[in-house]
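Q: Here it is, the structure in full.
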Amino acid sequence: MKTVIEPYRSRVVEPMRMTTREEREGFIRAAGYNPFLLRAEQVLIDLVTDSGVSALSTRQWSAMHGSDESFTGSRSFYRFSEAVRALFGHAFVIPAHQGRAAEHLLARAVIRPNDVIFANTHFATTRENFEAAGAEVRDLPIPEALDRTSPHPFKGNIDLDSLEAGLAQAGRRARMVVLTVTDNSRGGQPVSMANVRGAREICRRHGVPLWLDAARFAENCYLVKVREAEFAARTPREIAGELFALTDGVFMSLKKDALGNTGGLITLDDEVWAEAIRVQLLASEGIPTAGGLAGRDLEALAAALDEMLDEDYLTYRVASTRRLGEQIQAAGVPVVTPFGAHAVYVDGRAFCPHLPDERLPAWSLSVALYVHSGVRTWETGNVMQGRLDPASGAWRWPDLDLMRLAIPRRVYSQSHLDYAAEALVELFERRSSVRGLRFVYRPATLAQFVATFEPA
Ligand SMILES: Cc1ncc(COP(=O)(O)O)c(C=O)c1O
């Protein structure tokens with residue numbers, strides 16, 4: 001059969017609220033033209049994120065009902081930490097309430113002013129946390145990652161030559177190397193196992209630990225299976241085991257691939273680092289056997305550590321994302337290819353060539369799509385990554401100005417995604433009508449969450 005179907009069915013449904021174009025024009029104006037500031041009920045199909053919005057399975061719900069909410073040492077924590085240890089293989093398991101909390105703990109516990117940290121690309125919150133601890137962060141993507149249409153199958157790879165040179169130059173200042181799998185900020189592109197092996201070998205030689213920001217490792221492992229010949233006959237779980245064995249530690253949000261509505265994790269082998277992180281955890285997150293999570297959260301996550309690597313589920317997820325991408329690509333919409341797993345990314349500058357960078361093409365497109373259809377998306381471009389150059393006083397814009405259609409796990413049907421594709425294609429046919437926006441309020445960092453705008 002050609003059709004790839006959802007390997008699950010619905011037993012609980014949540015009604016969606018239809019809105020008119022006039023209502024949406026009012027809603028987005030009141031939200032300062034920032035889709036992030038809309039109320040969720042003003043949105044028809046919410047593709048703003050794939051984070052924390054998964055539909056839970058019957059198995060997760062039943063595990064939650066059996067949770068242990070003891071203050072410390074709960075049965076639920078031990079179930080969670082055993083599931084983590086069995087999958088990741090590291091000695092110490094430290095829960096946190098979400099991914100950026102894990103990054104914050106790591107930054108406070110082990111990163112010192114003047115440290116240098118290398119990554120394929122640091123996710124925005126990772127960069128923020130590491131820089132707040134005084135570190136210098138350097139992104140080393142491969143050149144193909146900057147080319148939206150390069151067919152390279154692993155555009156999330158780190159540039160190994162630059163890594164070698166960077167570590168040699170940084171010397172004792174080098175604190176760690178991070179591979180973000182998949183590389184969310186550059187189109188959700190995967191990292192190959194060959195690249196992880198290469199990075200590990202270089203890290204070993206320089207005595208620097210290799211870590212993963214593993215928010216979407218299951219999707220990365222599935223893409224390794226289908227794109228890297230050596231792994232074709234292996235299960236995603238086997239590939240994950242091999243991936244983690246190459247690392248010294250992992251920090252991650254458990255709100256993405258791990259199908260949690262909340263949750264974060266640090267797992268590592270270094271006892272000194274683990275102790276320093278635990279001390280920090282007690283001050284800011286909670287106790288070491290909870291990390292700010294309820295027992296029922298830990299139960300839902302423990303159950304998901306199996307489900308997230310189910311091959312039928314990952315096959316469907318990747319096929320469904322590709323289908324959405326191919327639908328809009330066939331109509332000429334400029335997209336990032338090859339398609340990843342958690343999202344489809346549209347090139348704002350190519351979609352809106354009439355808008356200069358100052359008029360925020362991808363952000364303006366996201367607003368126009370919401371007004372046109374009620375579909376909410378997210379920008380990973382000029383607003384999220386633009387930086388003021390202190391020397392010249394001018395804005396420096398990122399290589400790619402993208403609008404992301406992120407797909408919540410197990411939530412929307414194929415026809416919901418067809419609707420989103422149709423809306424975007426309709427807008428593309430009248431793309432010169434997309435009106436540029438300019439900042440009204442622009443904070444120094446993390447503008448995407450709080451900035452406000454007006455039509456230019
Ligand atoms: C790659 C990556 N790292 C870290 C985070 C932060 O995780 P959280 O949202 O759970 O704080 C995200 C969230 O989108 C992410 O995509």
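Chain labels run A, B, ... following the order of the structure tokens; each chain numbers its residues from 1, and ligands are numbered from 1 in the order shown.
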If we count only C-alpha atoms, what is near Gly66 (chain A) at a cut-off of 9 Å, once residues fewer than 6 positions away on the same chain are taken out, given as JSON, numbers by chain?
A: {"A": [76, 296, 299]}
Q: Please save all heavy atoms of the selected residues as a PDB file, in the first residue's frame.
A:
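The result, stored in result20.pdb:
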```
ATOM      1  N   SER A  76       7.961   6.479  40.974  1.00  0.00           N
ATOM      2  CA  SER A  76       7.899   7.017  39.609  1.00  0.00           C
ATOM      3  C   SER A  76       9.266   7.499  39.148  1.00  0.00           C
ATOM      4  O   SER A  76       9.638   7.320  37.986  1.00  0.00           O
ATOM      5  CB  SER A  76       6.895   8.165  39.544  1.00  0.00           C
ATOM      6  OG  SER A  76       5.631   7.691  39.903  1.00  0.00           O
ATOM      7  N   ARG A 296       3.534  11.885  38.202  1.00  0.00           N
ATOM      8  CA  ARG A 296       2.778  11.489  36.995  1.00  0.00           C
ATOM      9  C   ARG A 296       3.502  11.931  35.713  1.00  0.00           C
ATOM     10  O   ARG A 296       3.424  11.252  34.696  1.00  0.00           O
ATOM     11  CB  ARG A 296       1.344  11.997  37.041  1.00  0.00           C
ATOM     12  CG  ARG A 296       1.167  13.459  37.288  1.00  0.00           C
ATOM     13  CD  ARG A 296      -0.322  13.766  37.493  1.00  0.00           C
ATOM     14  NE  ARG A 296      -0.520  15.126  37.967  1.00  0.00           N
ATOM     15  CZ  ARG A 296      -0.485  15.493  39.248  1.00  0.00           C
ATOM     16  NH1 ARG A 296      -0.246  14.593  40.194  1.00  0.00           N
ATOM     17  NH2 ARG A 296      -0.688  16.745  39.609  1.00  0.00           N
ATOM     18  N   GLU A 299       6.140   9.343  35.108  1.00  0.00           N
ATOM     19  CA  GLU A 299       5.531   8.101  34.594  1.00  0.00           C
ATOM     20  C   GLU A 299       5.241   8.218  33.092  1.00  0.00           C
ATOM     21  O   GLU A 299       5.521   7.305  32.315  1.00  0.00           O
ATOM     22  CB  GLU A 299       4.226   7.795  35.333  1.00  0.00           C
ATOM     23  CG  GLU A 299       4.397   7.407  36.784  1.00  0.00           C
ATOM     24  CD  GLU A 299       4.886   5.977  36.984  1.00  0.00           C
ATOM     25  OE1 GLU A 299       4.990   5.221  35.997  1.00  0.00           O
ATOM     26  OE2 GLU A 299       5.166   5.625  38.153  1.00  0.00           O
TER      27      GLU A 299
END
```
Q: Contacts between ligand 1 and chain A, please, where a residue of chain A counts if it comes within 8 Å (with only C-alpha atoms and all ligand atoms); show its shortest atom pair and distance in Å to one decimal, rows by chain and ascending number, as JSON lines.
A:
```
{"residue": "A:Thr49", "atom": "CA", "partner": "ligand 1", "partner_atom_place_in_ligand_line": "14 (O)", "distance": 7.5}
{"residue": "A:Asp50", "atom": "CA", "partner": "ligand 1", "partner_atom_place_in_ligand_line": "14 (O)", "distance": 7.9}
{"residue": "A:Ser51", "atom": "CA", "partner": "ligand 1", "partner_atom_place_in_ligand_line": "14 (O)", "distance": 6.2}
{"residue": "A:Gly52", "atom": "CA", "partner": "ligand 1", "partner_atom_place_in_ligand_line": "10 (O)", "distance": 7.5}
{"residue": "A:His97", "atom": "CA", "partner": "ligand 1", "partner_atom_place_in_ligand_line": "10 (O)", "distance": 7.7}
{"residue": "A:Gln98", "atom": "CA", "partner": "ligand 1", "partner_atom_place_in_ligand_line": "10 (O)", "distance": 4.0}
{"residue": "A:Gly99", "atom": "CA", "partner": "ligand 1", "partner_atom_place_in_ligand_line": "10 (O)", "distance": 3.5}
{"residue": "A:Arg100", "atom": "CA", "partner": "ligand 1", "partner_atom_place_in_ligand_line": "11 (O)", "distance": 3.7}
{"residue": "A:Ala101", "atom": "CA", "partner": "ligand 1", "partner_atom_place_in_ligand_line": "11 (O)", "distance": 6.3}
{"residue": "A:Ala102", "atom": "CA", "partner": "ligand 1", "partner_atom_place_in_ligand_line": "11 (O)", "distance": 8.0}
{"residue": "A:Glu103", "atom": "CA", "partner": "ligand 1", "partner_atom_place_in_ligand_line": "4 (C)", "distance": 7.8}
{"residue": "A:His122", "atom": "CA", "partner": "ligand 1", "partner_atom_place_in_ligand_line": "1 (C)", "distance": 7.6}
{"residue": "A:Phe123", "atom": "CA", "partner": "ligand 1", "partner_atom_place_in_ligand_line": "1 (C)", "distance": 5.2}
{"residue": "A:Ala124", "atom": "CA", "partner": "ligand 1", "partner_atom_place_in_ligand_line": "4 (C)", "distance": 7.6}
{"residue": "A:Thr125", "atom": "CA", "partner": "ligand 1", "partner_atom_place_in_ligand_line": "6 (C)", "distance": 6.1}
{"residue": "A:Thr126", "atom": "CA", "partner": "ligand 1", "partner_atom_place_in_ligand_line": "4 (C)", "distance": 6.3}
{"residue": "A:Thr180", "atom": "CA", "partner": "ligand 1", "partner_atom_place_in_ligand_line": "1 (C)", "distance": 5.8}
{"residue": "A:Val181", "atom": "CA", "partner": "ligand 1", "partner_atom_place_in_ligand_line": "1 (C)", "distance": 6.9}
{"residue": "A:Thr182", "atom": "CA", "partner": "ligand 1", "partner_atom_place_in_ligand_line": "1 (C)", "distance": 6.9}
{"residue": "A:Asp183", "atom": "CA", "partner": "ligand 1", "partner_atom_place_in_ligand_line": "1 (C)", "distance": 6.4}
{"residue": "A:Asn184", "atom": "CA", "partner": "ligand 1", "partner_atom_place_in_ligand_line": "1 (C)", "distance": 5.2}
{"residue": "A:Ser185", "atom": "CA", "partner": "ligand 1", "partner_atom_place_in_ligand_line": "1 (C)", "distance": 7.4}
{"residue": "A:Asp213", "atom": "CA", "partner": "ligand 1", "partner_atom_place_in_ligand_line": "3 (N)", "distance": 5.9}
{"residue": "A:Ala214", "atom": "CA", "partner": "ligand 1", "partner_atom_place_in_ligand_line": "1 (C)", "distance": 7.0}
{"residue": "A:Ala215", "atom": "CA", "partner": "ligand 1", "partner_atom_place_in_ligand_line": "1 (C)", "distance": 5.4}
{"residue": "A:Arg216", "atom": "CA", "partner": "ligand 1", "partner_atom_place_in_ligand_line": "1 (C)", "distance": 7.2}
{"residue": "A:Met252", "atom": "CA", "partner": "ligand 1", "partner_atom_place_in_ligand_line": "4 (C)", "distance": 6.3}
{"residue": "A:Ser253", "atom": "CA", "partner": "ligand 1", "partner_atom_place_in_ligand_line": "10 (O)", "distance": 4.1}
{"residue": "A:Leu254", "atom": "CA", "partner": "ligand 1", "partner_atom_place_in_ligand_line": "10 (O)", "distance": 6.4}
{"residue": "A:Lys255", "atom": "CA", "partner": "ligand 1", "partner_atom_place_in_ligand_line": "10 (O)", "distance": 5.5}
{"residue": "A:Lys256", "atom": "CA", "partner": "ligand 1", "partner_atom_place_in_ligand_line": "10 (O)", "distance": 7.6}
{"residue": "A:Thr262", "atom": "CA", "partner": "ligand 1", "partner_atom_place_in_ligand_line": "10 (O)", "distance": 7.1}
{"residue": "A:Gly263", "atom": "CA", "partner": "ligand 1", "partner_atom_place_in_ligand_line": "10 (O)", "distance": 6.7}
{"residue": "A:Gly264", "atom": "CA", "partner": "ligand 1", "partner_atom_place_in_ligand_line": "10 (O)", "distance": 6.2}
```
Q: Contacts of Val425 (chain A) at 12 Å or less, counting only C-alpha atoms, minus same-chain residues fewer than 5 places along, as a PyMOL selection string?
A: chain A and resi 324-334+346+351+369+372-373+418-420+430-431
Q: Measuring atom to atom with only C-alpha atoms, identify which of A:Ala258, A:Leu106, A:Ala91, A:Val367 is nearest to Leu309 (chain A).
A: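 Comparing A:Ala258, A:Leu106, A:Ala91, A:Val367 against Leu309 (chain A), the winner is A:Ala258.
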Q: Can you build me a table of region 54-124 of chain A residues sitting at most 9 Å from region 410-417 of chain A, with the closest atom pair per residue and its distance in Å to one decimal, using only C-alpha atoms, sorted by chain and residue number, as CSV?
A:
```
residue,atom,partner,partner_atom,distance
A:Ser54,CA,A:Arg410,CA,6.2
A:Ala55,CA,A:Arg410,CA,5.5
A:Leu56,CA,A:Arg410,CA,8.1
```
Q: For Ser162 (chain A), which of A:Gly188, A:Pro141, A:Gly374, A:Pro356 is the closest residue, counting only C-alpha atoms?
A: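 Of the candidates, the smallest distance to Ser162 (chain A) is held by A:Pro141.
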Q: Taking a cut-off of 10 Å and counting only C-alpha atoms, can you build a table that, for each residue of region 201-220 of chain A near region 230-238 of chain A, reports the nearest atom pair and how far apart they are in Å (one decimal), sorted by chain then residue number, as a tab-separated table?
A:
```
residue	atom	partner	partner_atom	distance
A:Phe217	CA	A:Pro236	CA	9.6
A:Ala218	CA	A:Pro236	CA	6.9
A:Glu219	CA	A:Pro236	CA	8.6
A:Asn220	CA	A:Pro236	CA	8.9
```
Q: Report, in Å with one decimal, the straight-line distance from CA of Phe118 (chain A) to CA of Leu268 (chain A).
A: 18.3 Å
Q: Please identify all polymer residues within 12 Å of Asn120 (chain A), counting only C-alpha atoms, omitting same-chain residues fewer than 5 positions from it, and present them as JSON, numbers by chain.
A: {"A": [127, 137, 138, 139, 140, 141, 142, 143, 145, 146, 154, 155, 156, 157, 158, 159, 160, 162, 163, 177, 178, 179, 180, 181, 182, 183, 184, 185, 186, 188, 189, 190, 191, 192, 195, 196, 199, 210, 211, 212, 213]}
Q: Taking N, CA and C atoms for each residue, export the selection above as a compact mmCIF listing (two decimals), in the first residue's frame.
A:
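Saved as part.txt:
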```txt
# COMPACT_ATOMS: atom_id res chain seq x y z
N ARG A 127 22.08 28.85 23.71
CA ARG A 127 23.00 29.97 23.51
C ARG A 127 22.86 30.97 24.66
N VAL A 137 30.08 31.18 22.63
CA VAL A 137 29.56 30.01 21.91
C VAL A 137 29.83 30.19 20.42
N ARG A 138 30.24 29.09 19.79
CA ARG A 138 30.53 29.16 18.36
C ARG A 138 29.76 28.08 17.61
N ASP A 139 29.03 28.49 16.57
CA ASP A 139 28.30 27.55 15.71
C ASP A 139 29.18 27.17 14.53
N LEU A 140 29.27 25.87 14.24
CA LEU A 140 30.10 25.40 13.14
C LEU A 140 29.31 24.50 12.19
N PRO A 141 28.26 25.04 11.54
CA PRO A 141 27.50 24.20 10.60
C PRO A 141 28.33 23.91 9.35
N ILE A 142 27.98 22.85 8.65
CA ILE A 142 28.65 22.61 7.36
C ILE A 142 28.12 23.63 6.35
N PRO A 143 28.91 23.94 5.31
CA PRO A 143 28.46 24.97 4.35
C PRO A 143 27.11 24.64 3.72
N ALA A 145 24.55 23.51 5.02
CA ALA A 145 23.42 23.87 5.89
C ALA A 145 22.92 25.28 5.59
N LEU A 146 23.79 26.09 5.00
CA LEU A 146 23.41 27.48 4.71
C LEU A 146 22.74 27.59 3.34
N PHE A 154 22.45 15.20 5.43
CA PHE A 154 22.71 15.46 6.85
C PHE A 154 23.20 16.89 7.05
N LYS A 155 22.31 17.83 6.78
CA LYS A 155 22.69 19.24 6.87
C LYS A 155 22.81 19.71 8.32
N GLY A 156 22.55 18.79 9.28
CA GLY A 156 22.77 19.13 10.69
C GLY A 156 24.20 18.86 11.14
N ASN A 157 25.01 18.27 10.26
CA ASN A 157 26.38 17.92 10.66
C ASN A 157 27.18 19.12 11.12
N ILE A 158 28.12 18.86 12.04
CA ILE A 158 29.07 19.90 12.43
C ILE A 158 30.24 19.84 11.45
N ASP A 159 30.84 20.98 11.16
CA ASP A 159 31.98 21.02 10.23
C ASP A 159 33.23 20.53 10.99
N LEU A 160 33.66 19.33 10.64
CA LEU A 160 34.73 18.68 11.43
C LEU A 160 36.06 19.41 11.30
N SER A 162 36.48 22.66 10.87
CA SER A 162 36.38 23.86 11.72
C SER A 162 36.45 23.48 13.19
N LEU A 163 35.87 22.33 13.52
CA LEU A 163 35.91 21.89 14.92
C LEU A 163 37.35 21.60 15.36
N VAL A 177 31.71 20.26 23.49
CA VAL A 177 31.18 20.32 22.13
C VAL A 177 29.75 19.77 22.20
N VAL A 178 28.82 20.47 21.57
CA VAL A 178 27.41 20.06 21.62
C VAL A 178 26.91 19.79 20.21
N LEU A 179 26.29 18.63 20.01
CA LEU A 179 25.61 18.38 18.75
C LEU A 179 24.10 18.45 19.02
N THR A 180 23.43 19.35 18.34
CA THR A 180 21.98 19.48 18.49
C THR A 180 21.34 18.53 17.48
N VAL A 181 20.67 17.51 17.97
CA VAL A 181 20.05 16.50 17.09
C VAL A 181 18.54 16.49 17.32
N THR A 182 17.80 16.74 16.26
CA THR A 182 18.17 17.33 14.98
C THR A 182 18.43 18.83 15.17
N ASP A 183 19.00 19.47 14.15
CA ASP A 183 19.39 20.87 14.28
C ASP A 183 18.18 21.77 14.02
N ASN A 184 17.45 22.05 15.10
CA ASN A 184 16.18 22.79 14.99
C ASN A 184 16.35 24.14 14.33
N SER A 185 17.41 24.87 14.71
CA SER A 185 17.55 26.25 14.21
C SER A 185 17.90 26.31 12.73
N ARG A 186 18.34 25.20 12.17
CA ARG A 186 18.67 25.21 10.74
C ARG A 186 17.81 24.21 9.97
N GLY A 188 15.68 21.75 11.14
CA GLY A 188 15.39 20.40 11.67
C GLY A 188 16.17 19.32 10.94
N GLN A 189 17.39 19.67 10.53
CA GLN A 189 18.18 18.73 9.73
C GLN A 189 18.94 17.75 10.63
N PRO A 190 19.05 16.49 10.20
CA PRO A 190 19.70 15.48 11.04
C PRO A 190 21.23 15.53 10.99
N VAL A 191 21.83 14.86 11.97
CA VAL A 191 23.28 14.69 12.06
C VAL A 191 23.57 13.22 11.77
N SER A 192 24.55 12.94 10.93
CA SER A 192 24.83 11.54 10.59
C SER A 192 25.66 10.88 11.70
N ASN A 195 29.27 11.58 11.25
CA ASN A 195 29.67 12.90 11.76
C ASN A 195 29.85 12.85 13.28
N VAL A 196 28.96 12.13 13.97
CA VAL A 196 29.09 12.02 15.43
C VAL A 196 30.39 11.28 15.77
N ALA A 199 33.23 13.67 15.23
CA ALA A 199 33.31 14.67 16.30
C ALA A 199 33.86 14.04 17.57
N LEU A 210 32.07 15.41 24.63
CA LEU A 210 31.07 15.56 23.56
C LEU A 210 29.68 15.35 24.15
N TRP A 211 28.82 16.32 23.98
CA TRP A 211 27.45 16.26 24.50
C TRP A 211 26.44 16.36 23.36
N LEU A 212 25.23 15.89 23.66
CA LEU A 212 24.13 16.07 22.72
C LEU A 212 23.06 16.95 23.35
N ASP A 213 22.49 17.86 22.54
CA ASP A 213 21.19 18.45 22.85
C ASP A 213 20.22 17.57 22.06
```
Q: To test your reading of the structure, identify every residue in region 222-341 of chain A that backbone DSSP assigns to helix (DSSP H, G or I), and report it as an MDAnalysis selection string.
A: chainID A and resid 222:227 229:231 236:245 271:284 295:307 311:330
Q: Identify which of the residues A:Arg359, A:Arg227, A:His65, A:Arg200 lies closest to Asp297 (chain A), counting only C-alpha atoms when measuring atom-to-atom distances.
A: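 Among the listed residues, A:His65 lies closest to Asp297 (chain A).
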Q: As a PyMOL selection string, which residues of region 25-257 of chain A does DSSP assign to strand (DSSP E or B)?
A: chain A and resi 45-46+92-96+116-119+136-139+141+158+174-180+183+189+210-213+249-253
Q: Just write the chosen residues, C-alpha atoms, as a PDB file, in the first residue's frame.
A:
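Output (again-v1.pdb):
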```pdb
ATOM      1  CA  ILE A  45      -4.483  24.798  13.634  1.00  0.00           C
ATOM      2  CA  ASP A  46      -1.490  25.433  15.847  1.00  0.00           C
ATOM      3  CA  PHE A  92      23.718   9.633  36.342  1.00  0.00           C
ATOM      4  CA  VAL A  93      20.138  10.718  35.637  1.00  0.00           C
ATOM      5  CA  ILE A  94      19.019  14.218  36.578  1.00  0.00           C
ATOM      6  CA  PRO A  95      15.453  15.287  35.764  1.00  0.00           C
ATOM      7  CA  ALA A  96      14.472  18.916  35.142  1.00  0.00           C
ATOM      8  CA  VAL A 116      34.338  28.303  24.637  1.00  0.00           C
ATOM      9  CA  ILE A 117      31.558  25.930  23.555  1.00  0.00           C
ATOM     10  CA  PHE A 118      31.232  24.603  20.018  1.00  0.00           C
ATOM     11  CA  ALA A 119      28.094  23.240  18.367  1.00  0.00           C
ATOM     12  CA  GLU A 136      31.658  32.243  24.161  1.00  0.00           C
ATOM     13  CA  VAL A 137      29.556  30.013  21.910  1.00  0.00           C
ATOM     14  CA  ARG A 138      30.531  29.162  18.357  1.00  0.00           C
ATOM     15  CA  ASP A 139      28.301  27.549  15.709  1.00  0.00           C
ATOM     16  CA  PRO A 141      27.505  24.195  10.597  1.00  0.00           C
ATOM     17  CA  ILE A 158      29.068  19.903  12.431  1.00  0.00           C
ATOM     18  CA  ALA A 174      37.252  24.678  25.272  1.00  0.00           C
ATOM     19  CA  ARG A 175      34.625  23.397  27.724  1.00  0.00           C
ATOM     20  CA  MET A 176      32.466  21.132  25.605  1.00  0.00           C
ATOM     21  CA  VAL A 177      31.175  20.324  22.129  1.00  0.00           C
ATOM     22  CA  VAL A 178      27.415  20.059  21.621  1.00  0.00           C
ATOM     23  CA  LEU A 179      25.605  18.382  18.748  1.00  0.00           C
ATOM     24  CA  THR A 180      21.980  19.481  18.494  1.00  0.00           C
ATOM     25  CA  ASP A 183      19.395  20.866  14.279  1.00  0.00           C
ATOM     26  CA  GLN A 189      18.179  18.731   9.728  1.00  0.00           C
ATOM     27  CA  LEU A 210      31.074  15.562  23.563  1.00  0.00           C
ATOM     28  CA  TRP A 211      27.448  16.259  24.503  1.00  0.00           C
ATOM     29  CA  LEU A 212      24.131  16.070  22.724  1.00  0.00           C
ATOM     30  CA  ASP A 213      21.187  18.446  22.854  1.00  0.00           C
ATOM     31  CA  GLY A 249      26.500  13.377  28.303  1.00  0.00           C
ATOM     32  CA  VAL A 250      23.099  14.435  27.040  1.00  0.00           C
ATOM     33  CA  PHE A 251      20.864  17.353  27.936  1.00  0.00           C
ATOM     34  CA  MET A 252      17.436  17.537  26.408  1.00  0.00           C
ATOM     35  CA  SER A 253      13.916  18.765  26.432  1.00  0.00           C
TER      36      SER A 253
END
```
Q: Which residues are near region 13-28 of chain A? Cut-off 10 Å, only C-alpha atoms, ignore same chain within fewer than 3 positions. Put them as a list in words.
A: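 Near neighbours after the sequence-gap exclusion: Ser10, Ala31, Gly32, Tyr33, Asn34, Pro35, Phe36, Leu37, Leu38, Arg39, Glu41, Gln42, Val43, Leu44, Ile45, Val367, Ala368, Tyr370, Val371, His372, Ser373, Gly374 and Val411 of chain A.
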